[in-house]
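Shown here: my_file.txt, compact mmCIF, C-alpha atoms and all ligand atoms.
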# COMPACT_ATOMS: atom_id res chain seq x y z
CA MET A 1 -20.66 -3.90 18.39
CA THR A 2 -19.36 -5.10 15.04
CA ARG A 3 -17.39 -2.58 13.07
CA PRO A 4 -17.38 -2.44 9.27
CA ARG A 5 -14.48 -4.30 7.68
CA LEU A 6 -11.52 -2.72 5.96
CA TYR A 7 -8.88 -4.43 3.83
CA SER A 8 -5.66 -3.12 2.34
CA GLY A 9 -2.15 -4.26 1.59
CA MET A 10 1.20 -3.43 0.05
CA GLN A 11 3.74 -5.46 -1.83
CA PRO A 12 7.01 -6.20 -0.05
CA SER A 13 8.92 -4.90 -3.03
CA ALA A 14 11.69 -2.93 -1.26
CA ASP A 15 13.77 -2.99 1.91
CA SER A 16 12.16 0.19 3.08
CA LEU A 17 8.83 1.87 2.48
CA HIS A 18 8.97 5.53 1.52
CA LEU A 19 7.33 8.79 2.45
CA GLY A 20 4.68 8.32 -0.26
CA ASN A 21 3.63 4.97 1.24
CA TYR A 22 3.68 6.56 4.68
CA ILE A 23 1.56 9.62 3.87
CA GLY A 24 -0.55 8.05 1.13
CA ALA A 25 -1.33 4.80 2.90
CA LEU A 26 0.05 4.06 6.37
CA LEU A 27 -1.14 7.24 8.09
CA GLN A 28 -4.66 6.66 6.82
CA TRP A 29 -4.60 2.99 7.74
CA ARG A 30 -3.47 3.91 11.23
CA ASP A 31 -6.38 6.31 11.68
CA LEU A 32 -8.95 3.99 10.11
CA GLN A 33 -8.09 1.02 12.32
CA GLU A 34 -10.09 2.55 15.17
CA ALA A 35 -13.46 2.76 13.41
CA TYR A 36 -13.02 -0.34 11.24
CA GLU A 37 -12.19 -3.95 11.83
CA ALA A 38 -9.09 -3.78 9.70
CA PHE A 39 -7.06 -6.42 7.84
CA PHE A 40 -3.66 -5.34 6.53
CA SER A 41 -1.57 -7.78 4.57
CA VAL A 42 1.93 -7.87 3.22
CA VAL A 43 1.07 -9.24 -0.20
CA ASP A 44 4.05 -11.48 -0.83
CA LEU A 45 2.20 -13.66 -3.38
CA HIS A 46 1.61 -10.56 -5.50
CA ALA A 47 5.31 -9.71 -5.21
CA LEU A 48 6.19 -13.08 -6.78
CA THR A 49 5.21 -11.51 -10.11
CA GLN A 50 8.54 -9.62 -9.93
CA PRO A 51 11.84 -11.51 -9.96
CA ASN A 52 13.82 -11.44 -6.73
CA ASP A 53 16.33 -13.45 -4.77
CA PRO A 54 14.53 -15.78 -2.28
CA ALA A 55 16.49 -14.61 0.77
CA GLU A 56 15.90 -10.98 -0.15
CA ARG A 57 12.24 -11.66 -0.66
CA ARG A 58 11.92 -13.11 2.85
CA GLU A 59 13.77 -10.15 4.31
CA LYS A 60 11.60 -7.58 2.50
CA THR A 61 8.46 -9.29 3.75
CA ARG A 62 9.62 -9.03 7.37
CA ARG A 63 10.81 -5.47 6.92
CA THR A 64 7.53 -4.39 5.39
CA ALA A 65 5.57 -5.93 8.27
CA ALA A 66 7.88 -4.25 10.81
CA GLN A 67 7.30 -0.89 9.15
CA TYR A 68 3.51 -1.30 9.26
CA ILE A 69 3.80 -1.83 13.00
CA ALA A 70 6.33 0.96 13.48
CA ALA A 71 4.02 3.37 11.65
CA GLY A 72 1.25 2.63 14.11
CA ILE A 73 -0.68 -0.37 12.80
CA GLU A 74 -1.29 -2.30 16.00
CA PRO A 75 -1.27 -6.08 15.62
CA SER A 76 -3.48 -6.41 18.69
CA LYS A 77 -6.10 -4.10 17.20
CA SER A 78 -5.87 -4.85 13.48
CA THR A 79 -5.13 -8.13 11.77
CA LEU A 80 -1.69 -7.62 10.24
CA TYR A 81 -0.42 -10.67 8.41
CA VAL A 82 1.52 -12.10 5.51
CA GLN A 83 -0.70 -13.08 2.57
CA SER A 84 0.98 -16.44 1.85
CA HIS A 85 0.39 -17.54 5.46
CA VAL A 86 -3.31 -17.81 4.66
CA ARG A 87 -3.75 -20.45 1.97
CA ALA A 88 -7.29 -19.41 1.12
CA HIS A 89 -5.96 -16.44 -0.93
CA ALA A 90 -4.42 -18.60 -3.65
CA GLU A 91 -7.36 -20.99 -3.57
CA LEU A 92 -10.08 -18.37 -3.96
CA ALA A 93 -8.04 -16.63 -6.66
CA TRP A 94 -8.25 -19.83 -8.72
CA VAL A 95 -12.02 -20.04 -8.37
CA LEU A 96 -12.44 -16.36 -9.21
CA SER A 97 -10.20 -16.74 -12.27
CA THR A 98 -12.80 -19.12 -13.69
CA ILE A 99 -15.50 -16.44 -13.61
CA THR A 100 -13.23 -13.66 -14.92
CA GLY A 101 -13.43 -12.97 -18.64
CA PHE A 102 -10.15 -12.94 -20.55
CA GLY A 103 -11.14 -9.65 -22.16
CA GLU A 104 -12.13 -8.24 -18.81
CA ALA A 105 -8.70 -8.99 -17.34
CA ASN A 106 -7.05 -7.75 -20.50
CA ARG A 107 -8.58 -4.30 -20.00
CA MET A 108 -6.70 -3.69 -16.74
CA THR A 109 -4.53 -0.67 -17.41
CA GLN A 110 -1.84 -1.65 -14.90
CA PHE A 111 -1.31 -4.93 -16.76
CA LYS A 112 -1.27 -3.14 -20.11
CA ASP A 113 1.31 -0.64 -18.83
CA LYS A 114 3.52 -3.26 -17.21
CA SER A 115 3.40 -5.74 -20.07
CA ALA A 116 4.15 -2.97 -22.57
CA ARG A 117 7.10 -1.91 -20.44
CA TYR A 118 8.55 -5.41 -19.94
CA GLY A 119 7.74 -6.92 -23.36
CA ALA A 120 5.86 -10.19 -23.95
CA ASP A 121 8.84 -12.42 -23.07
CA GLN A 122 9.29 -10.83 -19.65
CA THR A 123 5.58 -10.72 -18.82
CA ASN A 124 4.36 -13.65 -16.73
CA VAL A 125 0.79 -14.89 -16.44
CA GLY A 126 0.83 -13.97 -12.75
CA LEU A 127 0.92 -10.30 -13.75
CA PHE A 128 -2.16 -10.90 -15.85
CA THR A 129 -4.09 -12.55 -13.01
CA TYR A 130 -2.73 -10.16 -10.37
CA PRO A 131 -6.09 -8.32 -10.07
CA VAL A 132 -7.92 -11.64 -9.53
CA LEU A 133 -5.66 -12.45 -6.58
CA MET A 134 -6.31 -8.96 -5.26
CA ALA A 135 -10.06 -9.59 -5.58
CA ALA A 136 -9.61 -12.81 -3.57
CA ASP A 137 -7.76 -10.87 -0.83
CA ILE A 138 -10.62 -8.44 -0.49
CA LEU A 139 -13.57 -10.81 -0.87
CA LEU A 140 -12.33 -13.45 1.60
CA TYR A 141 -12.84 -10.98 4.45
CA GLN A 142 -16.35 -9.73 3.58
CA THR A 143 -14.76 -6.31 3.23
CA ASP A 144 -16.76 -3.06 3.28
CA ILE A 145 -14.04 -0.60 2.29
CA VAL A 146 -10.72 -0.77 0.50
CA PRO A 147 -8.49 2.30 0.90
CA VAL A 148 -6.12 2.43 -2.08
CA GLY A 149 -4.37 4.83 -4.42
CA ASP A 150 -6.05 5.93 -7.61
CA ASP A 151 -4.02 3.41 -9.65
CA GLN A 152 -5.78 0.53 -7.86
CA LYS A 153 -9.32 1.79 -8.38
CA GLN A 154 -9.87 -0.29 -11.51
CA HIS A 155 -8.84 -3.43 -9.61
CA VAL A 156 -11.39 -2.73 -6.89
CA GLU A 157 -14.04 -2.16 -9.58
CA LEU A 158 -13.19 -5.59 -11.01
CA THR A 159 -13.46 -7.02 -7.50
CA ARG A 160 -16.97 -5.56 -7.21
CA ASP A 161 -17.96 -6.99 -10.58
CA LEU A 162 -16.69 -10.46 -9.63
CA ALA A 163 -18.49 -10.34 -6.29
CA GLU A 164 -21.77 -9.35 -7.94
CA ARG A 165 -21.37 -11.97 -10.65
CA PHE A 166 -20.67 -14.73 -8.15
CA ASN A 167 -23.54 -13.66 -5.88
CA GLY A 168 -25.83 -13.51 -8.91
CA ARG A 169 -24.92 -17.03 -9.99
CA TYR A 170 -24.70 -18.81 -6.66
CA GLY A 171 -26.58 -16.67 -4.15
CA GLN A 172 -25.33 -14.17 -1.59
CA THR A 173 -21.72 -15.10 -0.78
CA PHE A 174 -19.55 -11.99 -0.86
CA ARG A 175 -20.04 -8.50 0.48
CA VAL A 176 -19.49 -6.01 -2.37
CA PRO A 177 -16.68 -3.67 -1.28
CA MET A 178 -16.35 0.07 -1.87
CA PRO A 179 -13.05 1.64 -2.90
CA VAL A 180 -11.93 4.61 -0.82
CA ILE A 181 -9.54 6.56 -2.98
CA GLN A 182 -6.80 8.56 -1.35
CA LYS A 183 -7.00 12.28 -1.88
CA ASP A 184 -4.79 13.87 -4.50
CA THR A 185 -3.20 15.97 -1.77
CA ALA A 186 -1.87 12.73 -0.32
CA ARG A 187 0.16 12.04 -3.47
CA ILE A 188 3.88 12.55 -2.94
CA TYR A 189 6.29 13.10 -5.83
CA ASP A 190 9.94 12.26 -6.31
CA LEU A 191 12.17 15.02 -4.88
CA GLN A 192 14.44 14.94 -7.93
CA ASN A 193 11.69 14.52 -10.46
CA PRO A 194 8.62 16.17 -8.95
CA THR A 195 6.26 15.26 -11.75
CA SER A 196 6.63 11.48 -11.17
CA LYS A 197 5.32 9.90 -8.02
CA MET A 198 7.72 8.82 -5.34
CA SER A 199 8.09 5.10 -5.97
CA LYS A 200 9.88 2.05 -4.62
CA SER A 201 11.02 1.34 -8.14
CA ALA A 202 12.41 4.81 -8.93
CA ALA A 203 15.49 4.81 -11.15
CA THR A 204 17.60 6.62 -8.56
CA ASP A 205 17.47 6.89 -4.84
CA ALA A 206 18.15 10.61 -4.49
CA GLY A 207 14.52 11.68 -4.76
CA VAL A 208 13.04 8.97 -2.54
CA LEU A 209 12.72 9.53 1.21
CA TRP A 210 12.97 6.02 2.64
CA MET A 211 11.40 5.52 6.05
CA LEU A 212 14.51 3.68 7.17
CA ASP A 213 17.02 6.28 5.89
CA ALA A 214 19.32 7.65 8.60
CA PRO A 215 18.27 11.19 9.65
CA ASP A 216 21.24 12.90 7.97
CA VAL A 217 20.46 11.07 4.72
CA SER A 218 16.83 12.25 4.74
CA ALA A 219 17.94 15.81 5.52
CA LYS A 220 20.46 15.80 2.68
CA LYS A 221 17.90 14.54 0.18
CA ILE A 222 15.52 17.33 1.17
CA MET A 223 18.22 20.01 0.97
CA ARG A 224 18.98 18.80 -2.57
CA ALA A 225 15.35 18.58 -3.69
CA VAL A 226 14.67 20.15 -7.09
CA THR A 227 12.82 23.48 -6.85
CA ASP A 228 12.77 26.45 -9.25
CA SER A 229 14.46 29.81 -9.67
CA GLU A 230 11.65 32.00 -8.33
CA GLY A 231 12.76 31.72 -4.72
CA VAL A 232 9.25 32.12 -3.30
CA VAL A 233 7.64 29.42 -1.12
CA ARG A 234 4.27 29.25 -2.83
CA TYR A 235 1.93 26.41 -3.79
CA ASP A 236 1.48 26.20 -7.55
CA LYS A 237 1.40 22.60 -8.69
CA GLU A 238 1.53 23.43 -12.41
CA ASN A 239 4.42 25.86 -12.43
CA LYS A 240 6.24 24.96 -9.22
CA PRO A 241 5.90 21.18 -8.83
CA GLY A 242 9.02 20.83 -6.67
CA VAL A 243 8.12 23.46 -4.07
CA SER A 244 4.46 22.39 -4.13
CA ASN A 245 5.46 18.80 -3.37
CA LEU A 246 7.56 19.95 -0.40
CA LEU A 247 4.59 22.00 0.85
CA VAL A 248 2.31 18.97 0.58
CA ILE A 249 4.77 16.90 2.62
CA TYR A 250 4.99 19.69 5.20
CA THR A 251 1.23 20.01 5.57
CA ALA A 252 0.66 16.23 5.64
CA LEU A 253 3.13 15.69 8.47
CA THR A 254 2.27 18.74 10.59
CA GLY A 255 -1.45 19.15 9.95
CA ARG A 256 -0.77 22.85 9.30
CA GLN A 257 -2.53 24.59 6.42
CA ILE A 258 -0.45 25.46 3.35
CA PRO A 259 -1.08 29.26 3.57
CA SER A 260 0.24 29.31 7.13
CA ILE A 261 3.42 27.56 6.00
CA GLU A 262 3.78 29.96 3.05
CA ASP A 263 3.44 32.88 5.48
CA GLU A 264 6.04 31.49 7.83
CA TYR A 265 8.59 31.29 5.00
CA ALA A 266 7.59 34.52 3.21
CA GLY A 267 10.69 36.53 2.32
CA ARG A 268 13.01 33.69 3.31
CA GLY A 269 14.77 31.49 0.74
CA TYR A 270 14.28 27.84 -0.14
CA GLY A 271 17.25 26.96 2.08
CA ASP A 272 15.37 27.93 5.26
CA PHE A 273 12.20 26.22 4.06
CA LYS A 274 14.04 23.00 3.30
CA LYS A 275 15.78 23.10 6.65
CA GLY A 276 12.42 23.46 8.35
CA LEU A 277 10.97 20.59 6.35
CA ALA A 278 14.00 18.38 7.02
CA GLU A 279 13.40 18.86 10.73
CA VAL A 280 9.74 17.91 10.34
CA VAL A 281 10.57 14.75 8.38
CA VAL A 282 13.41 13.68 10.68
CA ASN A 283 11.22 14.18 13.76
CA GLU A 284 8.46 12.12 12.18
CA PHE A 285 10.60 9.28 10.86
CA GLY A 286 13.01 9.15 13.83
CA PRO A 287 10.73 7.17 16.18
CA VAL A 288 9.23 5.13 13.31
CA ARG A 289 12.67 4.08 12.11
CA ALA A 290 13.86 3.29 15.63
CA ARG A 291 10.81 1.14 16.29
CA ALA A 292 11.13 -0.71 12.97
CA LEU A 293 14.81 -1.47 13.60
CA GLU A 294 14.02 -2.63 17.12
CA LEU A 295 11.34 -5.01 15.81
CA LEU A 296 13.78 -6.35 13.23
CA GLU A 297 16.31 -7.15 15.91
CA ASP A 298 14.01 -9.86 17.18
CA PRO A 299 12.71 -11.59 14.06
CA ALA A 300 11.45 -14.60 16.05
CA GLU A 301 9.11 -12.38 18.06
CA LEU A 302 7.96 -10.56 14.91
CA ASP A 303 7.28 -13.91 13.22
CA ARG A 304 5.30 -15.01 16.25
CA VAL A 305 3.08 -11.91 16.10
CA LEU A 306 2.56 -12.45 12.37
CA ALA A 307 1.61 -16.08 12.98
CA VAL A 308 -1.01 -15.18 15.59
CA ASN A 309 -2.46 -12.61 13.20
CA ALA A 310 -2.41 -15.09 10.29
CA ASP A 311 -4.42 -17.53 12.40
CA ARG A 312 -6.99 -14.83 13.06
CA ALA A 313 -7.14 -13.97 9.35
CA ALA A 314 -7.41 -17.63 8.34
CA GLU A 315 -10.44 -18.13 10.54
CA VAL A 316 -12.38 -15.52 8.56
CA ALA A 317 -10.92 -16.46 5.18
CA ASP A 318 -11.46 -20.21 5.55
CA ALA A 319 -15.14 -19.73 6.35
CA THR A 320 -15.65 -17.71 3.15
CA LEU A 321 -13.68 -20.21 1.08
CA ALA A 322 -15.67 -23.18 2.45
CA ASP A 323 -18.88 -21.41 1.47
CA VAL A 324 -17.52 -20.77 -2.04
CA TYR A 325 -16.36 -24.37 -2.53
CA ALA A 326 -19.77 -25.66 -1.47
CA LYS A 327 -21.64 -23.18 -3.68
CA VAL A 328 -19.71 -23.96 -6.86
CA GLY A 329 -20.12 -27.68 -6.27
CA LEU A 330 -16.70 -28.95 -5.29
CA LEU A 331 -17.20 -32.31 -3.63
CA ARG A 332 -16.44 -32.12 0.05
CA ARG A 333 -13.69 -34.39 1.19
CA GLY A 334 -15.24 -37.21 3.26
P1 LIG B 401 6.11 0.32 -6.83
O1 LIG B 401 7.03 1.41 -7.19
O2 LIG B 401 6.78 -1.00 -6.53
O3 LIG B 401 4.88 0.22 -7.69
P2 LIG B 401 4.98 2.03 -4.86
O4 LIG B 401 6.02 2.69 -4.07
O5 LIG B 401 4.34 2.78 -5.96
O6 LIG B 401 5.56 0.67 -5.39
P3 LIG B 401 2.74 0.48 -3.95
O7 LIG B 401 3.18 -0.79 -3.31
O8 LIG B 401 2.19 0.43 -5.33
O9 LIG B 401 3.93 1.52 -3.83
O10 LIG B 401 1.69 1.21 -3.05
C1 LIG B 401 1.45 0.96 -1.71
C2 LIG B 401 0.54 2.04 -1.18
O11 LIG B 401 1.24 3.28 -1.09
C3 LIG B 401 -0.68 2.32 -2.06
O12 LIG B 401 -1.80 2.56 -1.22
C4 LIG B 401 -0.29 3.56 -2.82
O13 LIG B 401 -1.40 4.34 -3.20
C5 LIG B 401 0.57 4.29 -1.80
N1 LIG B 401 1.57 5.12 -2.49
C6 LIG B 401 2.61 4.65 -3.20
N2 LIG B 401 3.36 5.67 -3.68
C7 LIG B 401 2.76 6.80 -3.27
C8 LIG B 401 3.05 8.18 -3.42
N3 LIG B 401 4.10 8.59 -4.11
N4 LIG B 401 2.23 9.08 -2.86
C9 LIG B 401 1.16 8.67 -2.13
N5 LIG B 401 0.84 7.39 -1.94
C10 LIG B 401 1.61 6.45 -2.49
N1 LIG B 402 -2.28 -4.09 -5.69
C1 LIG B 402 -2.05 -3.29 -4.51
C2 LIG B 402 -1.69 -4.14 -3.33
C3 LIG B 402 -2.81 -5.03 -2.92
C4 LIG B 402 -4.02 -4.62 -2.30
C5 LIG B 402 -4.77 -5.82 -2.10
C6 LIG B 402 -4.54 -3.39 -1.91
C7 LIG B 402 -2.88 -6.39 -3.06
N2 LIG B 402 -4.04 -6.85 -2.57
C8 LIG B 402 -6.03 -5.77 -1.54
C9 LIG B 402 -5.80 -3.37 -1.36
C10 LIG B 402 -6.53 -4.54 -1.15
C11 LIG B 402 -0.94 -2.28 -4.82
O1 LIG B 402 -0.13 -2.55 -5.66
N3 LIG B 402 -0.88 -1.21 -4.10
Turn this file's structure into structure tokens for me.
Amino acid sequence: MTRPRLYSGMQPSADSLHLGNYIGALLQWRDLQEAYEAFFSVVDLHALTQPNDPAERREKTRRTAAQYIAAGIEPSKSTLYVQSHVRAHAELAWVLSTITGFGEANRMTQFKDKSARYGADQTNVGLFTYPVLMAADILLYQTDIVPVGDDQKQHVELTRDLAERFNGRYGQTFRVPMPVIQKDTARIYDLQNPTSKMSKSAATDAGVLWMLDAPDVSAKKIMRAVTDSEGVVRYDKENKPGVSNLLVIYTALTGRQIPSIEDEYAGRGYGDFKKGLAEVVVNEFGPVRARALELLEDPAELDRVLAVNADRAAEVADATLADVYAKVGLLRRG
């Protein structure tokens, strides 16, 4: 029985992933890997668009892979690999860039936001073609679904357009993928600034629950989370973003409904609620953190697993790339 294909990935842009990545992405990936033939990459080529020290870059790539596994992505079940280990990604991205309109790429809102933020001098061309590389990731694997956050939806739409354009010009080559957008309830906000999303690139660390934080550090961050002066544990995203965010975390990690959590803490202060939540988070992250650290103690073994998975990925990717090269008329090497 062949299962439909799934593709997703994250940039290795920090030493640790955070609770937003865990709830918004990893937990869903873990569940989806049963019904789908899943490919999960650590997109280190995408991360090259941001400056970083080479040794740190290598380390972040390993750490990100270790955290995928620790969170329950099984490298024997899913194909979990490092993007740059499969050369076809960069090669297909080049071909796709030649069928992408300049104006089309220029409409990508993530590029517009980032280039406005950095200024023209700090904006590299890689940031501009970032969505084309992402399209190559997805299309190489004849992907059916792409689970991503809302901010990536436009990139998946571009991917669909490029697939249809290529198929239209050269005949059926790529499967046209569907985005699967994470639910809004899976969006986690910064504990200190509960109207901005929890992010690897947050200005300060105090509102970010890192998966690899020691338990007492996670607990402290939760106890210090910004709330409001009402003192009632009640979901109201507009008026009580801090408490609502904590409730969303609670429900996401326990599977309990929000009203049942509100009832449990009715008439008790935020202190009790936060203590309860800290316990939930520490219990959840404890084993994940321990497993990630254990994997990182044996980098040679981790690298071996990643290599086996990269070989599996390359088999699929190389077949698609060979088809593309033949279709566009690149002369085959004799
Ligand atoms: P950066 O700050 O470097 O942009 P990030 O922390 O926002 O990074 P991404 O690498 O952009 O994370 O996202 C990886 C995955 O995690 C995506 O599927 C994204 O939707 C999900 N994700 C990231 N942040 C959150 C969040 N706060 N809540 C829910 N999901 C999130
Ligand atoms: N751009 C995505 C990461 C990413 C990705 C992909 C996601 C790169 N290639 C392919 C899904 C499929 C991000 O920043 N979250």
* What does the distance from CA of Thr204 in chain A to CA of Val248 in chain A come to in Å, to one decimal? ->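 Pair CA of Thr204 in chain A / CA of Val248 in chain A returns 21.7 Å.
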* To do: Could you tell me how far CA of Gly9 in chain A lies from atom C1 of ligand LIG 402 (chain B), in Å and to one decimal?
  =>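 One can read the CA of Gly9 in chain A to atom C1 of ligand LIG 402 (chain B) distance as 6.2 Å.
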* Asked: Within 6 Å of ligand LIG 401 (chain B), counting all atoms listed in the file: which residues, as a list in words?
  ->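 Listing the residues within 6 Å of ligand LIG 401 (chain B) gives Met10, Gln11, Ser13, Gly20, Asn21, Gly24, Ala25, Val148, Gly149, Ala186, Arg187, Ile188, Tyr189, Lys197, Met198, Ser199, Lys200 and Ser201 of chain A.
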Would you give the centre and edge lengths, in Å to one decimal, of a box along x, y and z around the listed atoms of ligand LIG 402 (chain B), with 4 Å added to each side, as JSON?
{"center_x": -3.3, "center_y": -4.0, "center_z": -3.4, "size_x": 14.4, "size_y": 13.6, "size_z": 12.5}
* Asked: What's the 9 Å shell around range 90-100 of chain A, counting only C-alpha atoms, without same-chain residues fewer than 3 positions away, as a VMD selection string?
  -> chain A and resid 45 84 86 to 87 103 to 105 129 132 to 137 139 to 140 158 162 165 to 166 321 324 to 325 328
Could you take the residues named above and write them with C-alpha atoms, as a JSON list (two decimals), keeping the file's coordinate frame?
[["chain", "number", "residue", "atom", "x", "y", "z"],
["A", 45, "LEU", "CA", 2.20, -13.66, -3.38],
["A", 84, "SER", "CA", 0.98, -16.44, 1.85],
["A", 86, "VAL", "CA", -3.31, -17.81, 4.66],
["A", 87, "ARG", "CA", -3.75, -20.45, 1.97],
["A", 103, "GLY", "CA", -11.14, -9.65, -22.16],
["A", 104, "GLU", "CA", -12.13, -8.24, -18.81],
["A", 105, "ALA", "CA", -8.70, -8.99, -17.34],
["A", 129, "THR", "CA", -4.09, -12.55, -13.01],
["A", 132, "VAL", "CA", -7.92, -11.64, -9.53],
["A", 133, "LEU", "CA", -5.66, -12.45, -6.58],
["A", 134, "MET", "CA", -6.31, -8.96, -5.26],
["A", 135, "ALA", "CA", -10.06, -9.59, -5.58],
["A", 136, "ALA", "CA", -9.61, -12.81, -3.57],
["A", 137, "ASP", "CA", -7.76, -10.87, -0.83],
["A", 139, "LEU", "CA", -13.57, -10.81, -0.87],
["A", 140, "LEU", "CA", -12.33, -13.45, 1.60],
["A", 158, "LEU", "CA", -13.19, -5.59, -11.01],
["A", 162, "LEU", "CA", -16.69, -10.46, -9.63],
["A", 165, "ARG", "CA", -21.37, -11.97, -10.65],
["A", 166, "PHE", "CA", -20.67, -14.73, -8.15],
["A", 321, "LEU", "CA", -13.68, -20.21, 1.08],
["A", 324, "VAL", "CA", -17.52, -20.77, -2.04],
["A", 325, "TYR", "CA", -16.36, -24.37, -2.53],
["A", 328, "VAL", "CA", -19.71, -23.96, -6.86]]
* Could you tell me which of A:Glu164, A:Asp298, A:Asp228, A:Glu315 comes closest to Arg63 in chain A if we count only C-alpha atoms? =>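 Of the candidates, the smallest distance to Arg63 in chain A is held by A:Asp298.
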Can I get range 143-154 of chain A with N, CA, C and O atoms filled in, as a PDB file, in the frame of the given file?
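As a result, out-v6.pdb now contains:
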ATOM      1  N   THR A 143     -15.243  -7.673   3.028  1.00  0.00           N
ATOM      2  CA  THR A 143     -14.760  -6.310   3.230  1.00  0.00           C
ATOM      3  C   THR A 143     -15.797  -5.259   2.829  1.00  0.00           C
ATOM      4  O   THR A 143     -16.456  -5.394   1.806  1.00  0.00           O
ATOM      5  N   ASP A 144     -15.897  -4.201   3.641  1.00  0.00           N
ATOM      6  CA  ASP A 144     -16.760  -3.060   3.280  1.00  0.00           C
ATOM      7  C   ASP A 144     -15.985  -1.997   2.511  1.00  0.00           C
ATOM      8  O   ASP A 144     -16.472  -1.478   1.527  1.00  0.00           O
ATOM      9  N   ILE A 145     -14.789  -1.639   3.003  1.00  0.00           N
ATOM     10  CA  ILE A 145     -14.040  -0.600   2.290  1.00  0.00           C
ATOM     11  C   ILE A 145     -12.585  -0.998   2.043  1.00  0.00           C
ATOM     12  O   ILE A 145     -11.966  -1.715   2.828  1.00  0.00           O
ATOM     13  N   VAL A 146     -12.087  -0.478   0.914  1.00  0.00           N
ATOM     14  CA  VAL A 146     -10.720  -0.770   0.500  1.00  0.00           C
ATOM     15  C   VAL A 146     -10.009   0.563   0.216  1.00  0.00           C
ATOM     16  O   VAL A 146     -10.210   1.166  -0.839  1.00  0.00           O
ATOM     17  N   PRO A 147      -9.222   1.069   1.166  1.00  0.00           N
ATOM     18  CA  PRO A 147      -8.490   2.300   0.900  1.00  0.00           C
ATOM     19  C   PRO A 147      -7.274   2.017   0.022  1.00  0.00           C
ATOM     20  O   PRO A 147      -6.423   1.210   0.386  1.00  0.00           O
ATOM     21  N   VAL A 148      -7.228   2.640  -1.138  1.00  0.00           N
ATOM     22  CA  VAL A 148      -6.120   2.430  -2.080  1.00  0.00           C
ATOM     23  C   VAL A 148      -5.831   3.718  -2.852  1.00  0.00           C
ATOM     24  O   VAL A 148      -6.635   4.646  -2.852  1.00  0.00           O
ATOM     25  N   GLY A 149      -4.698   3.726  -3.529  1.00  0.00           N
ATOM     26  CA  GLY A 149      -4.370   4.830  -4.420  1.00  0.00           C
ATOM     27  C   GLY A 149      -5.209   4.738  -5.689  1.00  0.00           C
ATOM     28  O   GLY A 149      -5.778   3.677  -5.996  1.00  0.00           O
ATOM     29  N   ASP A 150      -5.247   5.834  -6.406  1.00  0.00           N
ATOM     30  CA  ASP A 150      -6.050   5.930  -7.610  1.00  0.00           C
ATOM     31  C   ASP A 150      -5.730   4.811  -8.617  1.00  0.00           C
ATOM     32  O   ASP A 150      -6.609   4.295  -9.294  1.00  0.00           O
ATOM     33  N   ASP A 151      -4.452   4.422  -8.679  1.00  0.00           N
ATOM     34  CA  ASP A 151      -4.020   3.410  -9.650  1.00  0.00           C
ATOM     35  C   ASP A 151      -4.658   2.035  -9.385  1.00  0.00           C
ATOM     36  O   ASP A 151      -4.659   1.176 -10.264  1.00  0.00           O
ATOM     37  N   GLN A 152      -5.195   1.831  -8.186  1.00  0.00           N
ATOM     38  CA  GLN A 152      -5.780   0.530  -7.860  1.00  0.00           C
ATOM     39  C   GLN A 152      -7.306   0.519  -7.973  1.00  0.00           C
ATOM     40  O   GLN A 152      -7.954  -0.488  -7.712  1.00  0.00           O
ATOM     41  N   LYS A 153      -7.855   1.674  -8.358  1.00  0.00           N
ATOM     42  CA  LYS A 153      -9.320   1.790  -8.380  1.00  0.00           C
ATOM     43  C   LYS A 153      -9.935   0.774  -9.347  1.00  0.00           C
ATOM     44  O   LYS A 153     -10.940   0.125  -9.035  1.00  0.00           O
ATOM     45  N   GLN A 154      -9.317   0.626 -10.501  1.00  0.00           N
ATOM     46  CA  GLN A 154      -9.870  -0.290 -11.510  1.00  0.00           C
ATOM     47  C   GLN A 154      -9.877  -1.742 -10.977  1.00  0.00           C
ATOM     48  O   GLN A 154     -10.797  -2.500 -11.281  1.00  0.00           O
TER      49      GLN A 154
END
